[in-house]
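Participant: Pasting query-v5.tsv here (TSV, C-alpha atoms):
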chain	number	residue	atom	x	y	z
A	1318	MET	CA	25.70	4.79	-3.24
A	1319	SER	CA	24.50	1.22	-3.50
A	1320	GLU	CA	24.28	-0.55	-6.86
A	1321	TYR	CA	21.69	-3.12	-7.79
A	1322	HIS	CA	21.19	-5.12	-10.99
A	1323	GLU	CA	19.00	-8.07	-11.88
A	1324	ARG	CA	18.24	-10.39	-14.77
A	1325	ARG	CA	15.86	-13.22	-15.44
A	1326	ALA	CA	17.19	-16.51	-14.11
A	1327	LEU	CA	17.68	-19.57	-16.26
A	1328	ILE	CA	15.73	-21.82	-13.88
A	1329	GLY	CA	12.11	-21.67	-12.87
A	1330	ARG	CA	9.53	-19.33	-14.28
A	1331	GLY	CA	9.68	-15.95	-12.55
A	1332	ALA	CA	13.07	-16.49	-10.89
A	1333	VAL	CA	15.53	-13.59	-10.88
A	1334	VAL	CA	19.30	-13.35	-10.39
A	1335	TRP	CA	20.44	-10.13	-8.71
A	1336	THR	CA	23.68	-8.50	-7.61
A	1337	ARG	CA	24.09	-5.73	-5.06
A	1338	THR	CA	27.00	-3.62	-3.87
A	1339	ALA	CA	26.31	-2.10	-0.46
A	1340	GLY	CA	26.29	1.65	-0.06
A	1341	THR	CA	27.13	3.66	3.06
A	1342	GLY	CA	23.82	3.14	4.84
A	1343	PRO	CA	21.32	0.36	5.48
A	1344	GLN	CA	19.36	-0.88	2.50
A	1345	ARG	CA	15.58	-1.18	2.81
A	1346	VAL	CA	14.53	-4.59	1.50
A	1347	LEU	CA	10.83	-4.74	0.71
A	1348	PRO	CA	8.45	-7.68	1.06
A	1349	ASP	CA	7.76	-9.35	-2.29
A	1350	GLY	CA	6.35	-12.78	-1.48
A	1351	CYS	CA	9.61	-14.45	-2.50
A	1352	THR	CA	12.44	-16.44	-0.96
A	1353	ASP	CA	16.07	-15.66	-1.86
A	1354	LEU	CA	19.23	-17.76	-1.87
A	1355	ILE	CA	22.09	-15.31	-1.26
A	1356	TRP	CA	25.89	-15.37	-1.31
A	1357	SER	CA	27.50	-12.49	0.56
A	1358	GLU	CA	31.18	-11.71	0.79
A	1359	ALA	CA	30.49	-10.01	4.14
A	1360	GLY	CA	30.31	-13.41	5.86
A	1361	SER	CA	32.93	-14.51	8.36
A	1362	GLY	CA	34.32	-17.42	6.35
A	1363	PRO	CA	36.98	-17.22	3.62
A	1364	GLY	CA	34.37	-18.16	1.02
A	1365	GLY	CA	31.84	-15.61	2.18
A	1366	GLU	CA	28.45	-16.74	3.43
A	1367	LEU	CA	25.48	-18.48	1.87
A	1368	LEU	CA	22.18	-17.67	3.49
A	1369	VAL	CA	18.45	-17.80	2.86
A	1370	ALA	CA	16.13	-14.82	3.12
A	1371	GLY	CA	12.62	-16.01	3.84
A	1372	PRO	CA	9.41	-14.31	2.71
A	1373	ASP	CA	8.94	-11.03	4.57
A	1374	THR	CA	5.74	-9.59	5.98
A	1375	ARG	CA	7.27	-6.10	6.14
A	1376	ALA	CA	10.45	-4.33	5.09
A	1377	HIS	CA	13.72	-4.81	6.92
A	1378	LEU	CA	16.99	-2.93	6.81
A	1379	ALA	CA	19.95	-4.89	5.46
A	1380	LEU	CA	23.32	-3.88	6.87
A	1381	GLY	CA	26.73	-4.50	5.32
A	1382	PRO	CA	30.16	-2.87	5.03
A	1383	PRO	CA	30.19	-0.21	2.29
A	1384	GLY	CA	31.31	-1.75	-0.99
A	1385	SER	CA	30.60	-5.33	0.08
A	1386	ARG	CA	29.02	-7.43	-2.63
A	1387	ALA	CA	26.25	-9.99	-2.72
A	1388	VAL	CA	24.66	-12.12	-5.41
A	1389	GLY	CA	21.26	-13.69	-5.01
A	1390	LEU	CA	18.73	-15.95	-6.66
A	1391	ARG	CA	15.14	-14.89	-6.00
A	1392	PHE	CA	12.53	-17.59	-6.48
A	1393	ALA	CA	9.02	-16.83	-7.64
A	1394	PRO	CA	6.36	-17.08	-4.92
A	1395	GLY	CA	5.82	-20.73	-4.02
A	1396	THR	CA	9.07	-22.06	-5.55
A	1397	GLY	CA	11.46	-21.66	-2.62
A	1398	PRO	CA	10.28	-24.64	-0.54
A	1399	ALA	CA	11.06	-27.11	-3.34
A	1400	VAL	CA	14.66	-25.85	-3.51
A	1401	LEU	CA	15.29	-25.39	0.20
A	1402	GLY	CA	13.42	-28.40	1.51
A	1403	VAL	CA	11.35	-26.64	4.20
A	1404	PRO	CA	7.90	-25.04	4.23
A	1405	ALA	CA	8.03	-21.32	3.53
A	1406	HIS	CA	6.39	-20.33	6.82
A	1407	GLU	CA	9.39	-21.75	8.72
A	1408	LEU	CA	11.54	-19.08	7.04
A	1409	ARG	CA	9.10	-16.17	7.29
A	1410	ASP	CA	10.79	-12.91	8.34
A	1411	THR	CA	14.11	-14.68	8.92
A	1412	ARG	CA	17.64	-14.83	7.53
A	1413	VAL	CA	19.21	-18.24	8.13
A	1414	PRO	CA	22.50	-19.85	7.04
A	1415	LEU	CA	22.01	-22.21	4.11
A	1416	ALA	CA	24.03	-24.78	6.09
A	1417	ALA	CA	21.06	-25.06	8.45
A	1418	LEU	CA	19.03	-26.47	5.53
A	1419	TRP	CA	21.59	-28.20	3.27
A	1420	PRO	CA	24.62	-30.35	4.16
A	1421	GLY	CA	27.39	-28.17	5.55
A	1422	ALA	CA	30.16	-29.54	3.31
A	1423	GLU	CA	28.07	-28.92	0.19
A	1424	VAL	CA	27.38	-25.35	1.29
A	1425	ARG	CA	31.06	-24.62	2.01
A	1426	ARG	CA	32.14	-25.90	-1.40
A	1427	LEU	CA	29.52	-23.84	-3.16
A	1428	ALA	CA	30.44	-20.68	-1.22
A	1429	GLU	CA	34.13	-21.13	-1.98
A	1430	ARG	CA	33.50	-21.69	-5.69
A	1431	ILE	CA	31.36	-18.55	-5.87
A	1432	ALA	CA	34.02	-16.54	-4.02
A	1433	THR	CA	36.69	-17.79	-6.44
A	1434	GLU	CA	34.67	-16.78	-9.49
A	1435	ARG	CA	33.88	-13.36	-8.02
A	1436	ALA	CA	37.52	-12.74	-7.09
A	1437	ALA	CA	38.55	-13.57	-10.67
A	1438	GLY	CA	36.02	-11.10	-12.04
A	1439	ARG	CA	33.78	-13.80	-13.48
A	1440	GLN	CA	30.54	-12.42	-12.09
A	1441	ALA	CA	28.25	-14.25	-14.50
A	1442	ALA	CA	29.91	-17.56	-13.64
A	1443	ALA	CA	29.34	-16.91	-9.93
A	1444	SER	CA	25.64	-16.31	-10.56
A	1445	ARG	CA	25.36	-19.49	-12.62
A	1446	LEU	CA	26.70	-21.53	-9.71
A	1447	LEU	CA	23.70	-20.48	-7.64
A	1448	GLU	CA	21.36	-21.31	-10.51
A	1449	GLU	CA	22.96	-24.73	-11.03
A	1450	ALA	CA	22.73	-25.60	-7.33
A	1451	ALA	CA	19.07	-24.61	-7.20
A	1452	GLY	CA	18.35	-26.36	-10.50
A	1453	ASP	CA	19.80	-29.62	-9.18
A	1454	ARG	CA	17.46	-29.42	-6.21
A	1455	LEU	CA	14.43	-28.64	-8.35
A	1456	ARG	CA	15.05	-31.63	-10.62
A	1457	THR	CA	14.84	-34.04	-7.68
A	1458	ALA	CA	12.09	-32.23	-5.74
A	1459	GLU	CA	8.42	-33.13	-5.67
A	1460	PRO	CA	6.40	-31.42	-8.42
A	1461	PRO	CA	5.04	-28.02	-7.35
A	1462	ASP	CA	1.55	-27.80	-5.94
A	1463	PRO	CA	-0.62	-27.41	-9.09
A	1464	LEU	CA	-2.92	-24.97	-7.29
A	1465	LEU	CA	-0.23	-22.36	-6.56
A	1466	ALA	CA	-0.56	-20.52	-9.86
A	1467	ALA	CA	-4.32	-20.25	-9.41
A	1468	ILE	CA	-3.89	-18.93	-5.86
A	1469	VAL	CA	-1.42	-16.28	-7.00
A	1470	ALA	CA	-3.70	-15.31	-9.88
A	1471	GLY	CA	-6.66	-15.03	-7.53
A	1472	VAL	CA	-4.98	-12.82	-4.96
A	1473	SER	CA	-3.46	-10.71	-7.74
A	1474	ARG	CA	-6.97	-10.03	-9.07
A	1475	GLY	CA	-8.12	-9.05	-5.60
A	1476	THR	CA	-10.40	-12.06	-5.19
A	1477	GLY	CA	-11.38	-12.71	-1.59
A	1478	VAL	CA	-10.28	-15.77	0.36
A	1479	ALA	CA	-13.68	-17.47	0.05
A	1480	GLY	CA	-13.71	-16.91	-3.72
A	1481	ILE	CA	-10.19	-18.29	-4.19
A	1482	ALA	CA	-10.96	-21.32	-2.02
A	1483	ALA	CA	-14.05	-22.08	-4.06
A	1484	ALA	CA	-12.20	-21.61	-7.35
A	1485	VAL	CA	-9.43	-24.07	-6.44
A	1486	GLY	CA	-11.72	-26.57	-4.71
A	1487	LEU	CA	-10.42	-26.18	-1.16
A	1488	GLY	CA	-11.89	-25.16	2.14
A	1489	GLU	CA	-10.65	-21.87	3.52
A	1490	ARG	CA	-8.57	-23.58	6.22
A	1491	GLN	CA	-7.01	-25.91	3.66
A	1492	LEU	CA	-6.24	-22.93	1.45
A	1493	HIS	CA	-4.58	-21.16	4.37
A	1494	ARG	CA	-2.42	-24.20	5.21
A	1495	ARG	CA	-1.35	-24.68	1.58
A	1496	SER	CA	-0.54	-20.99	1.30
A	1497	LEU	CA	1.54	-20.98	4.49
A	1498	ALA	CA	3.63	-23.89	3.24
A	1499	ALA	CA	4.14	-22.45	-0.24
A	1500	PHE	CA	4.33	-18.68	0.29
A	1501	GLY	CA	5.08	-18.23	3.97
A	1502	TYR	CA	1.77	-16.57	4.80
A	1503	GLY	CA	-1.92	-16.82	4.05
A	1504	PRO	CA	-3.61	-15.62	0.86
A	1505	LYS	CA	-4.74	-12.32	2.39
A	1506	THR	CA	-1.19	-11.29	3.31
A	1507	LEU	CA	0.13	-12.58	-0.01
A	1508	GLY	CA	-2.41	-10.37	-1.77
A	1509	ARG	CA	-1.31	-7.30	0.22
A	1510	VAL	CA	2.34	-7.92	-0.62
A	1511	LEU	CA	1.76	-8.49	-4.34
A	1512	ARG	CA	-0.52	-5.45	-4.53
A	1513	LEU	CA	2.19	-3.35	-2.89
A	1514	ASN	CA	4.71	-4.41	-5.51
A	1515	ARG	CA	2.29	-3.61	-8.35
A	1516	ALA	CA	1.76	-0.17	-6.84
A	1517	LEU	CA	5.49	0.47	-6.49
A	1518	ASP	CA	6.12	-0.51	-10.12
A	1519	LEU	CA	3.52	2.02	-11.21
A	1520	ALA	CA	4.80	4.76	-8.88
A	1521	ARG	CA	8.39	4.26	-10.04
A	1522	ALA	CA	7.18	4.67	-13.63
A	1523	GLY	CA	5.89	8.12	-12.72
A	1524	VAL	CA	2.18	7.32	-12.46
A	1525	PRO	CA	0.40	9.81	-10.13
A	1526	PHE	CA	-0.34	8.32	-6.71
A	1527	ALA	CA	-4.11	8.61	-7.06
A	1528	GLU	CA	-3.96	6.66	-10.33
A	1529	VAL	CA	-1.59	4.14	-8.73
A	1530	ALA	CA	-4.15	3.51	-6.01
A	1531	ALA	CA	-7.00	2.97	-8.47
A	1532	THR	CA	-5.01	0.77	-10.84
A	1533	ALA	CA	-3.37	-1.40	-8.18
A	1534	GLY	CA	-6.67	-2.11	-6.42
A	1535	TYR	CA	-6.70	0.16	-3.37
A	1536	ALA	CA	-9.90	1.82	-2.17
A	1537	ASP	CA	-8.34	5.25	-2.54
A	1538	GLN	CA	-5.04	7.11	-2.20
A	1539	ALA	CA	-5.32	7.18	1.60
A	1540	HIS	CA	-5.63	3.38	1.62
A	1541	LEU	CA	-2.51	3.15	-0.57
A	1542	ALA	CA	-0.61	5.43	1.82
A	1543	ARG	CA	-1.60	3.35	4.87
A	1544	GLU	CA	-0.61	0.08	3.27
A	1545	VAL	CA	2.74	1.38	2.02
A	1546	ARG	CA	3.64	2.67	5.48
A	1547	ALA	CA	2.44	-0.53	7.17
A	1548	LEU	CA	4.46	-2.82	4.90
A	1549	THR	CA	7.58	-0.71	4.31
A	1550	GLY	CA	7.79	1.53	7.36
A	1551	VAL	CA	8.00	4.80	5.39
A	1552	PRO	CA	5.69	6.96	3.25
A	1553	LEU	CA	5.54	6.26	-0.48
A	1554	GLY	CA	7.31	9.47	-1.49
A	1555	ARG	CA	10.25	8.81	0.82
A	1556	LEU	CA	10.40	5.19	-0.29
A	1557	LEU	CA	10.78	6.23	-3.91
A	1558	ARG	CA	13.56	8.70	-3.07
A	1559	GLY	CA	15.57	6.55	-0.67
A	1560	PRO	CA	18.01	3.66	-1.17
A	1561	GLY	CA	16.97	0.04	-0.99
A	1562	GLY	CA	13.60	0.44	-2.71
A	1563	GLU	CA	14.41	-2.08	-5.40
Let's see the structure in the file written out as structure tokens.
Facilitator:
Amino acid sequence: MSEYHERRALIGRGAVVWTRTAGTGPQRVLPDGCTDLIWSEAGSGPGGELLVAGPDTRAHLALGPPGSRAVGLRFAPGTGPAVLGVPAHELRDTRVPLAALWPGAEVRRLAERIATERAAGRQAAASRLLEEAAGDRLRTAEPPDPLLAAIVAGVSRGTGVAGIAAAVGLGERQLHRRSLAAFGYGPKTLGRVLRLNRALDLARAGVPFAEVAATAGYADQAHLAREVRALTGVPLGRLLRGPGGE
């Protein structure tokens, strides 16, 4: 059985550090509007592999040898581009080596240091290396787009695209372009993804599905069921029972 743990990261509001040990089957990774910086020991090099998981539009199945370990740093929606140096839409639905975005020698050193800490049993130290590397990038990056928080708040409330654009003082096309660069997709898709995650949090807490639908902002339980299947590939009940739903 796979194991998954997470904690709040020391950098950036909303960032999370997570660790995962692969189980015997593929792990279903769900869309969450975020970008992840990941070290995996399943890579081909002696220091493992550092890669970037871009924002997903639907779930994908992550494969790995049983027992293989990974540690990741998940950035809050809109934060990833400042760390990685590329617009989020260029990474949408992709998994790319970090060396494609950062200098190769820097990436190799970081991977080897993380592997050394993990091999010595210093798991917390390995996680901090990811945080430090990302923190260094954030300190020298351009300030975040000041409108991002308002866009996230608007889509989280279920406000339509026209309403969000008016609230932040942009045209709808400008809003779409800013959203693509920051989140990887437009505000409508971002809203669907964030609503899905709110619904899953409620369902995992044992809230009845009909109440989940009403609270999370779906028209009804049938709407919830359609959206869960469209974004995750499986029905809600199966998703809650199966591995990889974290």
Participant: Please provide the set of residues having any atom within 12 Å of A:Arg1543, restricted to all atoms listed in the file, with same-chain residues fewer than 4 positions apart removed, written as a ChimeraX atom specification.
Facilitator: /A:1509,1513,1530,1535-1539,1547-1553
Participant: Pick from A:Glu1434, A:Glu1448, A:Glu1407, A:Glu1366: nearest to A:Arg1325, with only C-alpha atoms counted?
Facilitator: A:Glu1448
Participant: Expressed in Å to a single decimal, how great is the separation between atom CA of A:Pro1414 and atom CA of A:Asp1353?
Facilitator: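 So the answer is 11.8 Å.
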Participant: Have a look at atom CA of A:Asp1349 and atom CA of A:Arg1515 and let me know their distance in Å, one decimal.
Facilitator: 10.0 Å
Participant: Grab the atom CA of A:Leu1354 to atom CA of A:Gly1342 distance for me, in Å with one decimal place.
Facilitator: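 Between these atoms lies a distance of 22.4 Å.
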Participant: Select, from A:Arg1425, A:Arg1330, A:His1322, A:Arg1456, the residue with the minimum atom-to-atom distance to A:Gly1389, counting all atoms listed in the file.
Facilitator: A:His1322
Participant: Identify which of the residues A:Arg1375, A:Trp1356, A:Leu1401, A:Ala1428 lies closest to A:Ala1458, counting all atoms listed in the file when measuring atom-to-atom distances.
Facilitator: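 Closest to A:Ala1458 of all the choices is A:Leu1401.
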Participant: Ranking A:Ile1481, A:Ile1431, A:Val1400, A:Val1529 by minimum distance to A:Pro1363 and counting only C-alpha atoms, which one comes first?
Facilitator: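 That would be A:Ile1431, the residue with the smallest distance to A:Pro1363.
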